[in-house]
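Text of the file run.cif, holding mmCIF, C-alpha atoms:
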```
data_entry
loop_
_atom_site.label_atom_id
_atom_site.label_comp_id
_atom_site.auth_asym_id
_atom_site.auth_seq_id
_atom_site.Cartn_x
_atom_site.Cartn_y
_atom_site.Cartn_z
CA VAL N 1413 34.27 -25.45 -14.33
CA LEU N 1414 35.37 -24.16 -10.91
CA GLU N 1415 31.84 -24.41 -9.49
CA SER N 1416 31.43 -27.96 -10.80
CA MET N 1417 34.71 -28.95 -9.16
CA HIS N 1418 33.58 -27.49 -5.83
CA SER N 1419 30.33 -29.43 -6.06
CA ALA N 1420 32.15 -32.70 -6.83
CA VAL N 1421 34.63 -32.25 -3.99
CA GLY N 1422 31.85 -31.39 -1.53
CA HIS N 1423 29.93 -34.49 -2.51
CA SER N 1424 33.04 -36.66 -2.10
CA LEU N 1425 33.69 -35.27 1.39
CA LEU N 1426 30.10 -35.56 2.63
CA LEU N 1427 28.73 -38.57 0.82
CA GLY N 1428 31.43 -40.11 -1.35
CA GLU N 1429 34.77 -41.85 -1.19
CA GLU N 1430 36.37 -39.29 1.17
CA LYS N 1431 33.45 -39.32 3.59
CA ASN N 1432 34.37 -38.88 7.24
CA GLU N 1433 31.95 -39.96 9.97
CA GLU N 1434 32.67 -36.75 11.89
CA TRP N 1435 31.32 -34.72 8.97
CA ASP N 1436 28.25 -36.86 8.35
CA VAL N 1437 25.49 -34.29 8.81
CA PHE N 1438 23.09 -36.58 6.94
CA LYS N 1439 23.36 -39.68 9.14
CA HIS N 1440 19.85 -39.26 10.56
CA TRP N 1441 18.25 -38.40 7.19
CA ASP N 1442 16.46 -40.82 4.90
CA ASN N 1443 17.50 -41.26 1.27
CA GLU N 1444 14.76 -38.99 -0.07
CA GLN N 1445 15.82 -36.13 2.21
CA ILE N 1446 19.48 -36.63 1.32
CA GLY N 1447 18.60 -36.60 -2.38
CA ARG N 1448 16.69 -33.31 -2.06
CA ALA N 1449 19.50 -31.73 -0.04
CA ARG N 1450 22.08 -32.91 -2.54
CA ALA N 1451 20.10 -31.41 -5.43
CA ILE N 1452 19.80 -28.06 -3.62
CA MET N 1453 23.54 -28.06 -2.82
CA ILE N 1454 24.49 -28.68 -6.45
CA LYS N 1455 22.17 -25.95 -7.74
CA ALA N 1456 23.34 -23.49 -5.07
CA ILE N 1457 27.03 -24.04 -5.85
CA LEU N 1458 26.48 -23.74 -9.60
CA ALA N 1459 24.46 -20.55 -9.00
CA THR N 1460 27.58 -18.82 -7.64
CA ASP N 1461 28.78 -18.57 -11.26
CA MET N 1462 28.60 -14.85 -12.11
CA SER N 1463 27.36 -15.65 -15.62
CA THR N 1464 23.99 -16.53 -14.02
CA HIS N 1465 23.84 -13.49 -11.72
CA PHE N 1466 21.48 -11.14 -13.53
CA PRO N 1467 19.01 -13.83 -14.65
CA SER N 1468 18.95 -15.17 -11.07
CA VAL N 1469 18.20 -11.72 -9.61
CA GLY N 1470 15.37 -11.25 -12.09
CA VAL N 1471 13.80 -14.66 -11.43
CA LEU N 1472 13.96 -14.25 -7.64
CA ALA N 1473 12.53 -10.71 -7.68
CA SER N 1474 9.67 -11.83 -9.93
CA LEU N 1475 8.82 -14.84 -7.77
CA VAL N 1476 8.90 -12.81 -4.54
CA GLU N 1477 6.38 -10.40 -6.05
CA LYS N 1478 4.12 -13.21 -7.31
CA VAL N 1479 4.05 -14.94 -3.91
CA GLN N 1480 3.28 -11.68 -2.10
CA VAL N 1481 0.47 -10.82 -4.51
CA GLU N 1482 -1.14 -14.27 -4.26
CA TYR N 1483 -0.94 -14.45 -0.50
CA VAL N 1484 -4.17 -13.08 0.94
CA GLU N 1485 -4.09 -11.80 4.50
CA ASP N 1486 -7.03 -11.18 6.85
CA ASP N 1487 -8.23 -7.60 6.30
CA THR N 1488 -8.96 -7.19 10.01
CA GLU N 1489 -5.28 -7.29 10.94
CA GLU N 1490 -3.71 -4.06 12.08
CA GLU N 1491 -1.78 -2.31 9.31
CA GLU N 1492 1.63 -2.68 10.96
CA GLU N 1493 1.10 -6.37 11.67
CA THR N 1494 -0.24 -6.95 8.16
CA ASN N 1495 2.84 -5.39 6.57
CA LYS N 1496 5.04 -7.53 8.77
CA ARG N 1497 3.19 -10.71 7.86
CA HIS N 1498 3.45 -10.02 4.15
CA THR N 1499 7.23 -10.41 4.21
CA PRO N 1500 8.40 -13.38 2.10
CA LEU N 1501 9.75 -15.31 5.10
CA TYR N 1502 6.47 -15.03 6.98
CA ILE N 1503 4.52 -16.20 3.92
CA LEU N 1504 6.83 -19.19 3.51
CA SER N 1505 6.50 -20.09 7.18
CA GLN N 1506 2.71 -20.02 6.94
CA ILE N 1507 2.24 -21.81 3.62
CA LEU N 1508 4.94 -24.48 3.88
CA ALA N 1509 4.02 -25.37 7.48
CA VAL N 1510 0.52 -26.50 6.45
CA ARG N 1511 0.22 -30.20 5.73
CA GLU N 1512 -1.65 -31.06 2.57
CA THR N 1513 -4.91 -32.90 3.31
CA ASN N 1514 -5.64 -33.88 -0.27
CA LYS N 1515 -3.72 -34.85 -3.38
CA GLU N 1516 -4.56 -31.66 -5.24
CA LYS N 1517 -1.60 -29.39 -5.71
CA ASN N 1518 -1.71 -25.96 -4.16
CA PRO N 1519 -0.26 -23.51 -6.75
CA LEU N 1520 0.84 -21.04 -4.07
CA LYS N 1521 2.52 -23.80 -2.09
CA GLU N 1522 4.41 -24.90 -5.19
CA LYS N 1523 5.59 -21.32 -5.75
CA CYS N 1524 6.63 -21.10 -2.07
CA ARG N 1525 8.70 -24.27 -2.35
CA GLU N 1526 10.39 -22.86 -5.44
CA LEU N 1527 10.96 -19.53 -3.67
CA ALA N 1528 12.50 -21.24 -0.62
CA ASN N 1529 14.98 -23.07 -2.84
CA LEU N 1530 15.81 -19.90 -4.76
CA ILE N 1531 16.46 -18.01 -1.51
CA LEU N 1532 18.91 -20.70 -0.36
CA LYS N 1533 20.78 -20.44 -3.66
CA PHE N 1534 20.72 -16.65 -3.54
CA LEU N 1535 22.08 -16.53 0.01
CA LEU N 1536 25.12 -18.57 -0.98
CA HIS N 1537 25.68 -16.40 -4.05
CA ALA N 1538 25.36 -13.20 -1.98
CA ALA N 1539 27.91 -14.57 0.50
CA ASP N 1540 30.24 -15.50 -2.36
CA ILE N 1541 30.35 -11.90 -3.66
CA SER N 1542 30.10 -10.21 -0.25
CA ASN N 1543 33.59 -8.70 -0.04
CA PRO N 1544 32.48 -5.26 -1.32
CA ALA N 1545 29.74 -5.26 1.33
CA LYS N 1546 32.22 -5.53 4.21
CA LYS N 1547 33.50 -2.67 6.34
CA ASN N 1548 36.36 -0.51 5.08
CA LYS N 1549 39.52 -2.38 6.09
CA LEU N 1550 38.20 -5.71 4.81
CA LEU N 1551 36.70 -3.98 1.78
CA VAL N 1552 40.07 -2.61 0.61
CA TYR N 1553 42.02 -5.75 1.59
CA TRP N 1554 39.82 -8.09 -0.45
CA ALA N 1555 39.49 -5.67 -3.37
CA ASP N 1556 43.28 -5.65 -3.72
CA LYS N 1557 43.46 -9.44 -3.34
CA ALA N 1558 40.81 -9.96 -6.02
CA LEU N 1559 42.42 -7.52 -8.45
CA ALA N 1560 45.84 -9.12 -7.92
CA GLU N 1561 44.34 -12.49 -8.86
CA PHE N 1562 42.57 -11.00 -11.88
CA PHE N 1563 45.75 -9.33 -13.10
CA ASP N 1564 47.75 -12.56 -12.70
CA GLN N 1565 45.12 -14.24 -14.87
CA GLY N 1566 45.36 -11.43 -17.43
CA ASP N 1567 49.14 -11.74 -17.55
CA ARG N 1568 48.82 -15.46 -18.20
CA GLU N 1569 46.26 -14.85 -20.95
CA VAL N 1570 48.68 -12.43 -22.63
CA GLU N 1571 51.41 -15.10 -22.49
CA LEU N 1572 49.05 -17.61 -24.11
CA GLY N 1573 48.00 -15.14 -26.79
CA ILE N 1574 44.30 -15.34 -25.93
CA PRO N 1575 41.83 -12.48 -25.26
CA ILE N 1576 42.17 -10.90 -21.83
CA SER N 1577 39.14 -11.49 -19.63
CA PRO N 1578 37.14 -8.53 -18.23
CA LEU N 1579 38.83 -6.77 -15.27
CA CYS N 1580 42.04 -8.75 -15.88
CA ASP N 1581 44.10 -6.21 -17.86
CA ARG N 1582 46.40 -4.43 -15.41
CA ARG N 1583 47.19 -1.80 -18.08
CA THR N 1584 43.62 -0.54 -18.39
CA VAL N 1585 41.65 -1.52 -15.27
CA LYS N 1586 41.40 1.27 -12.71
CA ARG N 1587 41.10 0.13 -9.11
CA ALA N 1588 38.44 2.56 -7.90
CA ASP N 1589 36.38 2.45 -11.10
CA SER N 1590 36.22 -1.34 -11.03
CA GLN N 1591 34.90 -1.30 -7.45
CA ILE N 1592 32.38 1.49 -8.02
CA GLY N 1593 30.87 -0.30 -11.00
CA PHE N 1594 30.65 -3.65 -9.21
CA LEU N 1595 29.10 -2.06 -6.13
CA LYS N 1596 26.51 -0.03 -8.02
CA PHE N 1597 25.42 -2.55 -10.62
CA VAL N 1598 25.90 -5.88 -8.84
CA ILE N 1599 26.31 -5.60 -5.07
CA ARG N 1600 23.72 -2.97 -4.16
CA PRO N 1601 20.87 -4.45 -6.25
CA THR N 1602 21.71 -7.91 -4.88
CA TYR N 1603 21.56 -6.83 -1.26
CA ALA N 1604 18.57 -4.56 -1.84
CA LEU N 1605 16.65 -7.62 -3.05
CA LEU N 1606 17.98 -9.68 -0.17
CA GLY N 1607 16.85 -6.90 2.16
CA GLU N 1608 13.27 -7.38 0.98
CA ILE N 1609 13.52 -10.96 2.19
CA LEU N 1610 15.68 -10.40 5.28
CA PRO N 1611 14.95 -6.94 6.77
CA ARG N 1612 18.22 -6.91 8.77
CA VAL N 1613 20.14 -6.82 5.49
CA LYS N 1614 18.36 -3.60 4.57
CA GLU N 1615 19.05 -2.14 8.01
CA GLU N 1616 22.65 -3.28 8.52
CA VAL N 1617 24.28 -4.10 5.19
CA ILE N 1618 22.86 -1.54 2.74
CA PRO N 1619 24.29 1.43 4.76
CA ILE N 1620 27.75 -0.21 4.58
CA VAL N 1621 27.39 -0.71 0.83
CA ASP N 1622 26.49 2.97 0.39
CA GLN N 1623 29.47 4.01 2.53
CA ASN N 1624 31.73 1.85 0.38
CA ILE N 1625 30.44 3.44 -2.83
CA ASN N 1626 31.24 6.83 -1.33
CA TYR N 1627 34.69 5.63 -0.25
CA TRP N 1628 35.67 4.45 -3.73
CA THR N 1629 34.20 7.60 -5.28
CA ARG N 1630 36.42 9.72 -3.03
CA GLU N 1631 39.37 7.45 -3.81
CA LYS N 1632 38.76 7.92 -7.53
CA SER N 1633 38.76 11.71 -7.10
CA ARG N 1634 41.95 11.55 -5.03
CA ILE N 1635 43.78 9.45 -7.63
CA SER N 1636 42.52 11.68 -10.45
CA LEU N 1637 43.85 14.76 -8.66
CA MET N 1638 47.21 13.09 -8.05
CA THR N 1639 47.42 12.06 -11.70
CA LEU N 1640 46.50 15.56 -12.81
CA THR N 1641 49.19 17.19 -10.67
CA GLN N 1642 51.78 14.81 -12.17
CA HIS N 1643 50.87 15.84 -15.74
CA PRO N 1644 53.80 17.75 -17.39
CA VAL N 1645 51.67 20.83 -18.08
CA MET N 1646 50.38 20.95 -14.50
CA ARG N 1647 53.88 20.39 -13.10
CA LYS N 1648 55.19 23.21 -15.21
CA ALA N 1649 52.36 25.50 -14.10
CA THR N 1650 53.02 24.57 -10.48
CA MET N 1651 56.73 25.29 -10.88
CA ARG N 1652 55.98 28.68 -12.47
CA ALA N 1653 53.67 29.55 -9.61
CA SER N 1654 56.46 28.62 -7.22
CA ASP N 1655 58.89 30.83 -9.15
CA PHE N 1656 56.46 33.74 -8.90
CA LYS N 1657 56.33 33.32 -5.14
CA LYS N 1658 60.13 33.25 -4.99
CA GLU N 1659 60.37 36.38 -7.17
CA ASP N 1660 57.84 38.17 -4.95
CA SER N 1661 59.88 37.20 -1.90
CA ASP N 1662 63.13 38.44 -3.50
CA ILE N 1663 61.51 41.74 -4.51
CA GLY N 1664 60.21 42.19 -0.97
CA GLU N 1665 63.66 41.64 0.50
CA GLU N 1666 65.21 44.13 -1.96
CA GLU N 1667 62.63 46.78 -1.03
CA GLU N 1668 63.38 46.29 2.68
CA GLU N 1669 67.12 46.71 2.02
CA GLU N 1670 66.52 49.96 0.08
CA GLU N 1671 64.43 51.37 2.91
CA GLU N 1672 67.21 50.64 5.39
#
```
Could you write out this file's structure as structure tokens?
Amino acid sequence: VLESMHSAVGHSLLLGEEKNEEWDVFKHWDNEQIGRARAIMIKAILATDMSTHFPSVGVLASLVEKVQVEYVEDDTEEEEETNKRHTPLYILSQILAVRETNKEKNPLKEKCRELANLILKFLLHAADISNPAKKNKLLVYWADKALAEFFDQGDREVELGIPISPLCDRRTVKRADSQIGFLKFVIRPTYALLGEILPRVKEEVIPIVDQNINYWTREKSRISLMTLTQHPVMRKATMRASDFKKEDSDIGEEEEEEEE
């Protein structure tokens, strides 16, 4: 519902009733181009819905592999250059730049067109869920903002007497655990796949993601230790240990007085 609303509002601002000439990025495009762009925009916005995340990752990974396998490079190229030219972006630039000279469809070109559209959708989705891939201060800030919103939703669901959505129950959701799971099972695989398409993501973003997983793991251990020390049994044990130290100190003082 939210994604559909975003799509409708975007269309209204760019092409519809609320259109402003200053925002008209399509004014030099023909109707066919505008139609294609509009279709891509709708699909990309709808693809930010997390319910489509795992199927989308699977489809994109499969298509990247198919395009790379079908693309045949000159065997005389140097190994380093060959590896470089087999990257998905290079293949797309080579295949899609060639004008078709006959009406017969080129199967690889069709796959490349599909892959290009999927990459556009995937980039928007990756940006939409990118908060856990940011550096530490922004990472923590947006994690807390997101959880606060989730918990407000959970509170409202309790008031309405309906099932609480995942990650929305403030009584059971643990801050660090929620972030570790999302980073390991959603964020890292997403950006690892994106890194196969855009090498800079592998070089610059994946290290940050790994650092963030380590940060939340340490935070989980810290909170667990704090919780453990607040447990009645542990508090009692700590107090007894403190008493022993006090008794040892008193005994030491008494022995010094006797010697004097």
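For the residues N:Gln1642, N:Ser1636, N:Thr1602, N:Asn1626, ranking by smallest atom-to-atom distance to Val1469 in chain N using all atoms listed in the file places N:Thr1602 first.
Counting only C-alpha atoms and comparing N:Leu1536, N:Ile1446, N:Leu1595, N:Leu1606, the residue that lies closest to Thr1499 in chain N is N:Leu1606.
When you apply the PyMOL selection byres ((chain N and resi 1522) around 12) to this structure, what comes back is Leu1475, Lys1478, Val1479, Leu1504, Ile1507, Leu1508, Glu1512, Glu1516, Lys1517, Asn1518, Pro1519, Leu1520, Lys1521, Lys1523, Cys1524, Arg1525, Glu1526, Leu1527, Ala1528 and Asn1529 of chain N.
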Which distance in Å separates CA of Lys1547 in chain N and CA of Asn1624 in chain N, to one decimal? 7.7 Å
Length of the CA of Arg1587 in chain N to CA of Asp1622 in chain N vector [Å]: 17.7 Å
Report the centre and edge lengths, in Å to one decimal, of an axis-aligned box enclosing every atom of range 1607-1626 of chain N listed in the file, padded by 6 Å on each side, as lines of an AutoDock Vina configuration file.
```
center_x = 22.5
center_y = -2.1
center_z = 3.0
size_x = 30.5
size_y = 29.8
size_z = 23.6
```
Tell me, as a ChimeraX atom specification, which residues lie within 9 Å of Val1613 in chain N, counting all atoms listed in the file; anything in the same chain fewer than 5 positions away does not count. /N:1603-1604,1606-1608,1618
Residues of the last selection are to be written out with C-alpha atoms, as a PDB file, in the frame of the given file.
```
ATOM      1  CA  TYR N1603      21.560  -6.830  -1.260  1.00  0.00           C
ATOM      2  CA  ALA N1604      18.570  -4.560  -1.840  1.00  0.00           C
ATOM      3  CA  LEU N1606      17.980  -9.680  -0.170  1.00  0.00           C
ATOM      4  CA  GLY N1607      16.850  -6.900   2.160  1.00  0.00           C
ATOM      5  CA  GLU N1608      13.270  -7.380   0.980  1.00  0.00           C
ATOM      6  CA  ILE N1618      22.860  -1.540   2.740  1.00  0.00           C
TER       7      ILE N1618
END
```
So the first atom is CA of Asn1543 in chain N and the second is CA of Leu1414 in chain N; what is the distance between them in Å, to one decimal place? 19.0 Å
Can you give me, as a list in words, the residues this file yields under the PyMOL selection byres ((chain N and resi 1450-1462) around 9)? Leu1414, Glu1415, Ser1416, His1418, Ser1419, Ala1420, His1423, Gln1445, Ile1446, Gly1447, Arg1448, Ala1449, Ser1463, Thr1464, His1465, Phe1466, Ser1468, Asn1529, Leu1530, Leu1532, Lys1533, Phe1534, Leu1535, Leu1536, His1537, Ala1538, Asp1540 and Ile1541 of chain N
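Residue selection for this entry, given the PyMOL selection byres ((chain N and resi 1630-1635) around 12), comprises N:Val1552, N:Lys1586, N:Arg1587, N:Ala1588, N:Asp1589, N:Ser1590, N:Gln1591, N:Ile1592, N:Gly1593, N:Gln1623, N:Asn1624, N:Ile1625, N:Asn1626, N:Tyr1627, N:Trp1628, N:Thr1629, N:Ser1636, N:Leu1637, N:Met1638, N:Thr1639, N:Leu1640, N:Thr1641, N:Gln1642.
Closest approach to Pro1601 in chain N among N:Glu1444, N:Gly1470, N:Lys1549, N:Val1481: N:Gly1470, based on all atoms listed in the file.
Shortest separation to Leu1472 in chain N among N:Glu1569, N:Lys1596, N:Ile1531, N:Val1421 occurs at residue N:Ile1531, atoms counted being only C-alpha atoms.
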What residues have an atom no more than 12 Å from (38.3, -11.1, -21.5) in the file's own frame, counting only C-alpha atoms, and can you write them as a VMD selection string? chain N and resid 1562 to 1563 1565 to 1570 1573 to 1581 1585
